[in-house]
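Novice: Input file: target.cif. Contents: mmCIF, C-alpha atoms.
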```
data_final
#
loop_
_atom_site.group_PDB
_atom_site.id
_atom_site.type_symbol
_atom_site.label_atom_id
_atom_site.label_comp_id
_atom_site.auth_asym_id
_atom_site.auth_seq_id
_atom_site.Cartn_x
_atom_site.Cartn_y
_atom_site.Cartn_z
ATOM 1 C CA MET A 1 -8.132 -2.328 -5.131
ATOM 2 C CA ILE A 2 -8.594 1.248 -6.270
ATOM 3 C CA LEU A 3 -11.870 2.536 -4.852
ATOM 4 C CA GLN A 4 -12.327 5.596 -7.044
ATOM 5 C CA ASP A 5 -14.821 4.743 -9.804
ATOM 6 C CA ASN A 6 -15.427 1.317 -8.194
ATOM 7 C CA LEU A 7 -16.842 2.123 -4.766
ATOM 8 C CA PHE A 8 -17.305 5.851 -5.372
ATOM 9 C CA THR A 9 -17.322 8.590 -7.995
ATOM 10 C CA ILE A 10 -16.325 12.193 -7.369
ATOM 11 C CA LEU A 11 -19.358 14.363 -8.116
ATOM 12 C CA SER A 12 -17.676 17.652 -7.405
ATOM 13 C CA HIS A 13 -14.351 18.995 -6.273
ATOM 14 C CA GLU A 14 -13.503 22.642 -6.435
ATOM 15 C CA ALA A 15 -9.936 22.953 -7.698
ATOM 16 C CA GLY A 16 -7.523 23.612 -4.860
ATOM 17 C CA GLN A 17 -10.157 23.076 -2.166
ATOM 18 C CA PRO A 18 -9.898 19.998 0.045
ATOM 19 C CA ALA A 19 -13.623 19.250 -0.111
ATOM 20 C CA PHE A 20 -15.422 16.631 -2.187
ATOM 21 C CA GLN A 21 -18.923 15.448 -2.941
ATOM 22 C CA VAL A 22 -18.877 11.745 -3.734
ATOM 23 C CA GLN A 23 -21.463 9.177 -4.682
ATOM 24 C CA LEU A 24 -21.262 5.531 -3.611
ATOM 25 C CA HIS A 25 -22.030 2.771 -6.138
ATOM 26 C CA ARG A 26 -24.713 0.490 -4.729
ATOM 27 C CA ASP A 27 -23.679 -2.294 -7.144
ATOM 28 C CA TRP A 28 -20.043 -2.450 -5.949
ATOM 29 C CA PRO A 29 -19.400 -6.228 -5.693
ATOM 30 C CA ILE A 30 -17.822 -5.980 -2.224
ATOM 31 C CA TYR A 31 -21.227 -4.977 -0.790
ATOM 32 C CA LYS A 32 -22.352 -8.574 -1.439
ATOM 33 C CA ALA A 33 -19.472 -9.837 0.731
ATOM 34 C CA HIS A 34 -19.730 -7.193 3.471
ATOM 35 C CA PHE A 35 -22.242 -8.458 4.355
ATOM 36 C CA PRO A 36 -24.483 -10.920 2.457
ATOM 37 C CA GLY A 37 -27.964 -9.388 2.616
ATOM 38 C CA HIS A 38 -26.668 -6.426 4.651
ATOM 39 C CA PRO A 39 -24.566 -4.149 2.425
ATOM 40 C CA ILE A 40 -22.459 -1.859 4.604
ATOM 41 C CA THR A 41 -19.489 0.229 3.499
ATOM 42 C CA PRO A 42 -16.438 -1.303 5.230
ATOM 43 C CA GLY A 43 -14.917 1.189 7.682
ATOM 44 C CA VAL A 44 -11.459 0.497 6.281
ATOM 45 C CA CYS A 45 -12.679 1.462 2.802
ATOM 46 C CA ILE A 46 -13.824 4.822 4.161
ATOM 47 C CA VAL A 47 -10.229 5.373 5.335
ATOM 48 C CA GLN A 48 -8.939 4.375 1.903
ATOM 49 C CA MET A 49 -11.486 6.648 0.179
ATOM 50 C CA VAL A 50 -10.206 9.540 2.324
ATOM 51 C CA GLN A 51 -6.651 8.610 1.299
ATOM 52 C CA GLU A 52 -7.559 8.498 -2.416
ATOM 53 C CA LEU A 53 -9.316 11.889 -2.187
ATOM 54 C CA LEU A 54 -6.298 13.344 -0.393
ATOM 55 C CA GLN A 55 -4.192 12.084 -3.302
ATOM 56 C CA VAL A 56 -6.517 13.817 -5.778
ATOM 57 C CA HIS A 57 -6.230 17.038 -3.790
ATOM 58 C CA LEU A 58 -2.429 16.846 -3.500
ATOM 59 C CA GLY A 59 -1.848 15.476 -6.979
ATOM 60 C CA ARG A 60 0.469 12.750 -5.687
ATOM 61 C CA LYS A 61 0.403 9.363 -3.997
ATOM 62 C CA VAL A 62 0.465 9.131 -0.212
ATOM 63 C CA SER A 63 0.543 6.227 2.202
ATOM 64 C CA LEU A 64 -0.932 5.867 5.653
ATOM 65 C CA LEU A 65 1.693 5.888 8.415
ATOM 66 C CA GLY A 66 -0.682 5.831 11.347
ATOM 67 C CA ALA A 67 -3.807 7.232 12.897
ATOM 68 C CA LYS A 68 -4.385 8.895 16.221
ATOM 69 C CA ASN A 69 -8.057 8.231 15.880
ATOM 70 C CA VAL A 70 -10.682 7.123 13.365
ATOM 71 C CA LYS A 71 -14.149 7.339 14.817
ATOM 72 C CA TYR A 72 -17.167 5.813 13.078
ATOM 73 C CA THR A 73 -20.253 7.543 14.386
ATOM 74 C CA SER A 74 -22.756 6.049 11.986
ATOM 75 C CA ILE A 75 -22.876 3.141 9.565
ATOM 76 C CA VAL A 76 -22.823 3.964 5.838
ATOM 77 C CA SER A 77 -25.289 1.633 4.157
ATOM 78 C CA PRO A 78 -25.702 2.199 0.401
ATOM 79 C CA GLU A 79 -29.384 1.300 0.816
ATOM 80 C CA GLU A 80 -29.878 4.423 2.922
ATOM 81 C CA VAL A 81 -27.266 6.863 1.735
ATOM 82 C CA THR A 82 -25.115 7.193 -1.373
ATOM 83 C CA ASP A 83 -24.147 10.865 -1.364
ATOM 84 C CA LEU A 84 -21.328 11.795 0.973
ATOM 85 C CA THR A 85 -19.344 14.935 1.692
ATOM 86 C CA VAL A 86 -15.662 14.537 2.509
ATOM 87 C CA THR A 87 -13.797 17.511 3.920
ATOM 88 C CA PHE A 88 -10.280 18.010 5.219
ATOM 89 C CA PRO A 89 -10.294 20.605 8.029
ATOM 90 C CA LYS A 90 -6.539 20.173 8.446
ATOM 91 C CA ILE A 91 -3.662 19.116 6.168
ATOM 92 C CA ASP A 92 -0.502 20.105 8.036
ATOM 93 C CA PRO A 93 2.953 19.367 6.611
ATOM 94 C CA GLN A 94 5.380 18.239 9.336
ATOM 95 C CA PRO A 95 9.162 18.839 9.542
ATOM 96 C CA ASP A 96 9.750 15.163 8.646
ATOM 97 C CA ALA A 97 7.757 15.611 5.393
ATOM 98 C CA SER A 98 4.750 13.713 6.691
ATOM 99 C CA LEU A 99 1.269 15.247 6.748
ATOM 100 C CA LYS A 100 -1.009 15.446 9.747
ATOM 101 C CA VAL A 101 -4.499 15.223 8.342
ATOM 102 C CA GLN A 102 -7.986 15.599 9.712
ATOM 103 C CA ALA A 103 -10.910 14.469 7.607
ATOM 104 C CA GLN A 104 -14.657 14.265 8.052
ATOM 105 C CA VAL A 105 -17.114 12.156 6.112
ATOM 106 C CA SER A 106 -20.769 13.157 6.368
ATOM 107 C CA ALA A 107 -24.090 12.239 4.846
ATOM 108 C CA GLY A 108 -26.141 15.446 4.775
ATOM 109 C CA ASP A 109 -25.673 16.942 8.232
ATOM 110 C CA LYS A 110 -24.968 13.567 9.819
ATOM 111 C CA LEU A 111 -21.298 12.955 10.604
ATOM 112 C CA CYS A 112 -20.308 9.369 9.670
ATOM 113 C CA THR A 113 -16.546 9.260 10.176
ATOM 114 C CA LYS A 114 -13.967 11.524 11.772
ATOM 115 C CA LEU A 115 -10.325 10.802 11.104
ATOM 116 C CA SER A 116 -7.065 12.135 12.474
ATOM 117 C CA ALA A 117 -4.143 10.460 10.727
ATOM 118 C CA THR A 118 -0.599 10.796 9.437
ATOM 119 C CA PHE A 119 0.255 10.238 5.777
ATOM 120 C CA ARG A 120 3.413 10.445 3.776
ATOM 121 C CA MET B 1 -14.356 -23.750 28.568
ATOM 122 C CA ASP B 2 -15.064 -27.482 28.274
ATOM 123 C CA TYR B 3 -12.392 -30.101 27.593
ATOM 124 C CA GLU B 4 -13.365 -30.635 23.962
ATOM 125 C CA LEU B 5 -12.916 -26.943 23.210
ATOM 126 C CA TRP B 6 -9.734 -26.769 25.238
ATOM 127 C CA THR B 7 -8.070 -29.450 23.102
ATOM 128 C CA MET B 8 -9.513 -28.225 19.806
ATOM 129 C CA ASN B 9 -7.140 -27.438 16.965
ATOM 130 C CA TYR B 10 -8.369 -23.989 15.999
ATOM 131 C CA THR B 11 -6.657 -24.004 12.622
ATOM 132 C CA ASP B 12 -8.920 -26.914 11.564
ATOM 133 C CA ILE B 13 -11.955 -24.607 11.659
ATOM 134 C CA ASN B 14 -13.040 -23.227 8.295
ATOM 135 C CA ILE B 15 -12.700 -19.494 8.901
ATOM 136 C CA LEU B 16 -15.988 -18.830 7.065
ATOM 137 C CA GLU B 17 -17.736 -20.586 9.971
ATOM 138 C CA LEU B 18 -16.541 -17.813 12.271
ATOM 139 C CA LEU B 19 -16.925 -14.704 10.126
ATOM 140 C CA PRO B 20 -19.900 -12.788 8.744
ATOM 141 C CA GLN B 21 -17.731 -11.504 5.846
ATOM 142 C CA ARG B 22 -17.532 -13.483 2.631
ATOM 143 C CA PRO B 23 -14.883 -13.781 -0.121
ATOM 144 C CA PRO B 24 -13.337 -11.782 -1.624
ATOM 145 C CA PHE B 25 -13.589 -9.691 1.550
ATOM 146 C CA VAL B 26 -12.055 -12.243 3.931
ATOM 147 C CA MET B 27 -8.761 -11.038 5.416
ATOM 148 C CA VAL B 28 -7.882 -13.891 7.782
ATOM 149 C CA ASP B 29 -6.965 -17.484 6.901
ATOM 150 C CA HIS B 30 -7.196 -19.203 10.284
ATOM 151 C CA LEU B 31 -7.877 -18.687 13.924
ATOM 152 C CA THR B 32 -4.579 -19.854 15.472
ATOM 153 C CA ASP B 33 -5.229 -19.310 19.150
ATOM 154 C CA TYR B 34 -8.186 -18.540 21.364
ATOM 155 C CA ASP B 35 -8.801 -17.824 24.972
ATOM 156 C CA GLU B 36 -11.156 -15.444 26.703
ATOM 157 C CA THR B 37 -8.740 -12.531 26.741
ATOM 158 C CA GLN B 38 -6.321 -13.187 23.889
ATOM 159 C CA SER B 39 -6.781 -14.560 20.376
ATOM 160 C CA SER B 40 -4.740 -14.766 17.211
ATOM 161 C CA CYS B 41 -5.295 -15.177 13.479
ATOM 162 C CA ASN B 42 -2.998 -15.451 10.496
ATOM 163 C CA LEU B 43 -3.112 -14.389 6.853
ATOM 164 C CA THR B 44 -0.792 -15.142 3.972
ATOM 165 C CA ILE B 45 -0.647 -12.256 1.477
ATOM 166 C CA ARG B 46 -1.589 -13.711 -1.903
ATOM 167 C CA PRO B 47 -1.600 -11.843 -5.215
ATOM 168 C CA ASP B 48 -5.347 -12.418 -5.617
ATOM 169 C CA ASN B 49 -6.143 -10.646 -2.325
ATOM 170 C CA VAL B 50 -8.354 -7.654 -3.231
ATOM 171 C CA PHE B 51 -6.176 -5.395 -1.059
ATOM 172 C CA CYS B 52 -2.876 -6.642 -2.543
ATOM 173 C CA GLU B 53 -1.300 -3.798 -4.518
ATOM 174 C CA ASP B 54 2.206 -3.466 -5.913
ATOM 175 C CA GLY B 55 3.233 -6.618 -4.029
ATOM 176 C CA GLU B 56 1.978 -5.388 -0.644
ATOM 177 C CA LEU B 57 -1.176 -5.621 1.423
ATOM 178 C CA ALA B 58 -2.651 -2.088 1.392
ATOM 179 C CA SER B 59 -3.182 -0.378 4.747
ATOM 180 C CA ALA B 60 -6.967 -0.834 4.467
ATOM 181 C CA GLY B 61 -6.402 -4.600 4.101
ATOM 182 C CA LEU B 62 -4.113 -4.595 7.125
ATOM 183 C CA ILE B 63 -6.680 -2.811 9.328
ATOM 184 C CA GLU B 64 -9.437 -5.098 8.022
ATOM 185 C CA HIS B 65 -7.265 -8.110 8.919
ATOM 186 C CA ILE B 66 -6.978 -6.810 12.514
ATOM 187 C CA ALA B 67 -10.736 -6.177 12.678
ATOM 188 C CA GLN B 68 -11.456 -9.674 11.330
ATOM 189 C CA THR B 69 -9.102 -11.169 13.939
ATOM 190 C CA CYS B 70 -11.535 -9.638 16.461
ATOM 191 C CA ALA B 71 -14.463 -10.944 14.384
ATOM 192 C CA ALA B 72 -13.046 -14.488 14.350
ATOM 193 C CA ARG B 73 -12.586 -14.377 18.133
ATOM 194 C CA LEU B 74 -16.188 -13.194 18.609
ATOM 195 C CA GLY B 75 -17.409 -15.718 16.025
ATOM 196 C CA TYR B 76 -15.665 -18.548 17.874
ATOM 197 C CA TYR B 77 -17.144 -17.411 21.168
ATOM 198 C CA ASN B 78 -20.665 -17.056 19.748
ATOM 199 C CA LYS B 79 -20.570 -20.316 17.830
ATOM 200 C CA TYR B 80 -18.453 -22.745 19.850
ATOM 201 C CA VAL B 81 -18.751 -21.433 23.403
ATOM 202 C CA LEU B 82 -22.305 -20.038 23.401
ATOM 203 C CA LYS B 83 -23.462 -22.495 20.674
ATOM 204 C CA GLY B 84 -25.209 -19.605 18.943
ATOM 205 C CA SER B 85 -24.779 -17.828 15.609
ATOM 206 C CA VAL B 86 -22.181 -15.548 14.144
ATOM 207 C CA ARG B 87 -23.164 -11.881 14.337
ATOM 208 C CA LEU B 88 -22.331 -8.900 12.180
ATOM 209 C CA GLY B 89 -19.584 -6.675 13.533
ATOM 210 C CA PHE B 90 -18.485 -3.124 12.872
ATOM 211 C CA ILE B 91 -15.418 -1.066 13.644
ATOM 212 C CA GLY B 92 -16.445 1.670 16.063
ATOM 213 C CA GLU B 93 -13.044 3.227 16.467
ATOM 214 C CA VAL B 94 -9.405 2.832 15.446
ATOM 215 C CA LYS B 95 -7.031 4.407 17.958
ATOM 216 C CA ASP B 96 -3.246 4.896 18.047
ATOM 217 C CA LEU B 97 -2.623 2.989 14.826
ATOM 218 C CA VAL B 98 1.042 2.683 13.930
ATOM 219 C CA ILE B 99 2.057 1.054 10.655
ATOM 220 C CA VAL B 100 5.778 0.279 10.709
ATOM 221 C CA ARG B 101 5.567 -1.335 7.282
ATOM 222 C CA LEU B 102 3.054 -3.116 5.082
ATOM 223 C CA PRO B 103 3.268 -6.900 4.718
ATOM 224 C CA ARG B 104 4.578 -8.119 1.370
ATOM 225 C CA GLN B 105 3.138 -10.658 -0.986
ATOM 226 C CA GLY B 106 4.085 -14.185 0.127
ATOM 227 C CA GLU B 107 4.554 -13.185 3.781
ATOM 228 C CA THR B 108 2.355 -14.590 6.515
ATOM 229 C CA ILE B 109 1.207 -12.177 9.169
ATOM 230 C CA GLU B 110 -0.061 -13.204 12.581
ATOM 231 C CA THR B 111 -2.132 -10.856 14.685
ATOM 232 C CA THR B 112 -2.868 -11.129 18.376
ATOM 233 C CA VAL B 113 -5.723 -9.177 19.900
ATOM 234 C CA THR B 114 -5.913 -8.696 23.667
ATOM 235 C CA VAL B 115 -9.250 -7.748 25.170
ATOM 236 C CA MET B 116 -8.945 -4.625 27.296
ATOM 237 C CA GLN B 117 -12.610 -4.099 28.010
ATOM 238 C CA GLU B 118 -15.888 -5.727 27.051
ATOM 239 C CA ILE B 119 -19.159 -3.938 27.752
ATOM 240 C CA TYR B 120 -22.335 -5.525 26.361
ATOM 241 C CA ASP B 121 -21.835 -5.597 22.583
ATOM 242 C CA VAL B 122 -18.744 -3.413 22.463
ATOM 243 C CA THR B 123 -15.236 -4.849 22.733
ATOM 244 C CA LEU B 124 -12.091 -2.792 23.112
ATOM 245 C CA VAL B 125 -8.889 -4.596 22.114
ATOM 246 C CA SER B 126 -5.234 -3.844 21.640
ATOM 247 C CA ALA B 127 -3.680 -5.528 18.623
ATOM 248 C CA GLU B 128 -0.222 -6.421 17.404
ATOM 249 C CA VAL B 129 0.566 -7.594 13.862
ATOM 250 C CA ARG B 130 3.756 -9.603 13.336
ATOM 251 C CA VAL B 131 5.750 -11.205 10.552
ATOM 252 C CA GLY B 132 7.650 -13.864 12.477
ATOM 253 C CA THR B 133 8.862 -11.933 15.529
ATOM 254 C CA GLU B 134 8.934 -8.543 13.763
ATOM 255 C CA VAL B 135 6.095 -6.265 14.878
ATOM 256 C CA ILE B 136 4.845 -4.406 11.788
ATOM 257 C CA ALA B 137 1.741 -2.671 13.176
ATOM 258 C CA THR B 138 -0.031 -1.952 16.445
ATOM 259 C CA THR B 139 -3.374 -0.362 17.237
ATOM 260 C CA ARG B 140 -6.400 -0.362 19.462
ATOM 261 C CA LEU B 141 -9.842 -1.099 18.072
ATOM 262 C CA LYS B 142 -13.368 -0.769 19.302
ATOM 263 C CA ILE B 143 -15.635 -3.375 17.728
ATOM 264 C CA ALA B 144 -19.426 -3.310 18.012
ATOM 265 C CA GLN B 145 -21.538 -6.386 17.394
ATOM 266 C CA GLY B 146 -24.814 -6.111 15.542
ATOM 267 C CA GLU B 147 -27.496 -8.504 14.412
ATOM 268 C CA GLN B 148 -27.045 -12.160 13.474
ATOM 269 C CA SER B 149 -25.443 -12.886 10.142
ATOM 270 C CA SER B 150 -27.864 -14.040 7.448
ATOM 271 C CA GLU B 151 -25.472 -16.804 6.302
#
```
Could you spell out this file's structure in structure tokens?
Specialist:
Amino acid sequence: MILQDNLFTILSHEAGQPAFQVQLHRDWPIYKAHFPGHPITPGVCIVQMVQELLQVHLGRKVSLLGAKNVKYTSIVSPEEVTDLTVTFPKIDPQPDASLKVQAQVSAGDKLCTKLSATFR
Amino acid sequence: MDYELWTMNYTDINILELLPQRPPFVMVDHLTDYDETQSSCNLTIRPDNVFCEDGELASAGLIEHIAQTCAARLGYYNKYVLKGSVRLGFIGEVKDLVIVRLPRQGETIETTVTVMQEIYDVTLVSAEVRVGTEVIATTRLKIAQGEQSSE
């Protein structure tokens, strides 16, 4: 399941900058399954969205090797919020060719998700 | 736990009875084991799984499977032990996730979650995902329970 253009659309991305404005699609069919009557963006899809945006930034595919920490500080309900900011404070290449990545997902000035993960 | 529950065959339970999620966003097939501190669920990776890509379950599907193993455990407790309703659940935190490899289409994964701490509506578990005896992922999760499911 590719999430770009299904769950979210990129509204803006300055070339070369690891920062994105995205908009969630309220009518994404998965919202009816997670959960019936209570649409909430699945936490795992936020991780995948971060991964897809990282791929856009890098211009290549990456896969998730692990995560030190993914912290969900507030629920992302498409009934309350659809515009999100995703930033990457850190994208550090490692000697083994993996990338140590920090990402933050916020709605306005409210932080929703903070991620510290390793991709390759 | 009463005798009837003790002798129950968990795999006979329709998983939708235990989960607030609905297809196509259901990432466990069966509860395979339950006790107060340790529970397990399985999932066979089928091509029609929404997270199945290039013959593998994507990492998001794998993490969701672990989270739903926690959800099935909580659902069983709420429904069969407390005789109440299934409640919505949310991932609060993923910690120390290690993905050794992704499960492939046709493989059956089994995940065991061990409760490390339970405080009010927040459960902290450690989880291990296996294919047979091969451990393919480990993590810790914090799951928060919310309101009752509307289904």
Novice: Run through the PyMOL selection byres ((chain A) within 9 of (chain B)) on the given coordinates and return the selected residues as a VMD selection string.
Specialist: chain A and resid 1 to 2 30 32 to 38 42 to 48 63 to 75 117
Novice: What separation in Å, quoted to one decimal, exists between atom CA of Ser106 of chain A and atom CA of Val22 of chain A?
Specialist: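 Separation between atom CA of Ser106 of chain A and atom CA of Val22 of chain A: 10.4 Å.
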Novice: Could you please give me, as a PyMOL selection string, the residues of protein, DNA or RNA lying at most 9 Å from (-27.4, -4.6, 15.0) in the coordinate frame of the file, considering only C-alpha atoms?
Specialist: chain B and resi 87-89+144-148
Novice: Could you spell out the hits of the PyMOL selection byres ((chain A and resi 4-21) around 7) on the shown file, as an MDAnalysis selection string?
Specialist: chainID A and resid 2:3 22:25 28 57 84:88
Novice: Please write as a list in words the full residue list that the PyMOL selection byres ((chain B and resi 28) around 6) yields on this file.
Specialist: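 For this structure, the PyMOL selection byres ((chain B and resi 28) around 6) resolves to Val26, Met27, Asp29, His30, Asn42, Leu43 and His65 of chain B.
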Novice: Have a look at atom CA of Leu99 of chain A and atom CA of Phe119 of chain A and let me know their distance in Å, one decimal.
Specialist: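 Separation between atom CA of Leu99 of chain A and atom CA of Phe119 of chain A: 5.2 Å.
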Novice: In Å, how far is it from atom CA of Tyr10 of chain B to atom CA of Asp121 of chain B?
Specialist: 23.7 Å
Novice: When you count only C-alpha atoms, which of these residues is closest to Thr32 of chain B: B:Met8, B:Ile119, B:Ile45, B:Leu19?
Specialist: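 Using only C-alpha atoms, Thr32 of chain B sits closest to B:Met8.
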Novice: Of the candidates B:Leu31, B:Val81, B:Val131, B:Val86, which shows the shortest atom-to-atom distance to Val113 of chain B, using only C-alpha atoms?
Specialist: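 Smallest separation from Val113 of chain B among the options: B:Leu31.
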Novice: What's around Gln94 of chain A at 10 Å? Count only C-alpha atoms, leave out sequence neighbours fewer than 5 positions away in its own chain, and write the answer as a PyMOL selection string.
Specialist: chain A and resi 99-100+118+120
Novice: Closest to Leu53 of chain A among A:Ser98, A:Gln104, A:Thr41, A:Thr82, using all atoms listed in the file?
Specialist: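 Between A:Ser98, A:Gln104, A:Thr41, A:Thr82, the residue approaching Leu53 of chain A most closely is A:Gln104.
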Novice: Choose the residue, out of B:Arg104, B:Tyr120, B:Ser126, B:Thr133, that has the smallest atom-to-atom separation from Gly55 of chain B; count all atoms listed in the file.
Specialist: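 Among the listed residues, B:Arg104 lies closest to Gly55 of chain B.
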Novice: From the list A:Leu54, A:Ile91, A:Val76, A:Ile40, which residue is nearest Ala107 of chain A when using all atoms listed in the file?
Specialist: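 Going through A:Leu54, A:Ile91, A:Val76, A:Ile40 one by one, the smallest distance to Ala107 of chain A is for A:Val76.
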Novice: Looking at all atoms listed in the file, which of B:Ala71, B:Val135, B:Leu5, B:Ile15 is the one that sits closest to Pro103 of chain B?
Specialist: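 The shortest atom-to-atom distance to Pro103 of chain B comes from B:Val135.
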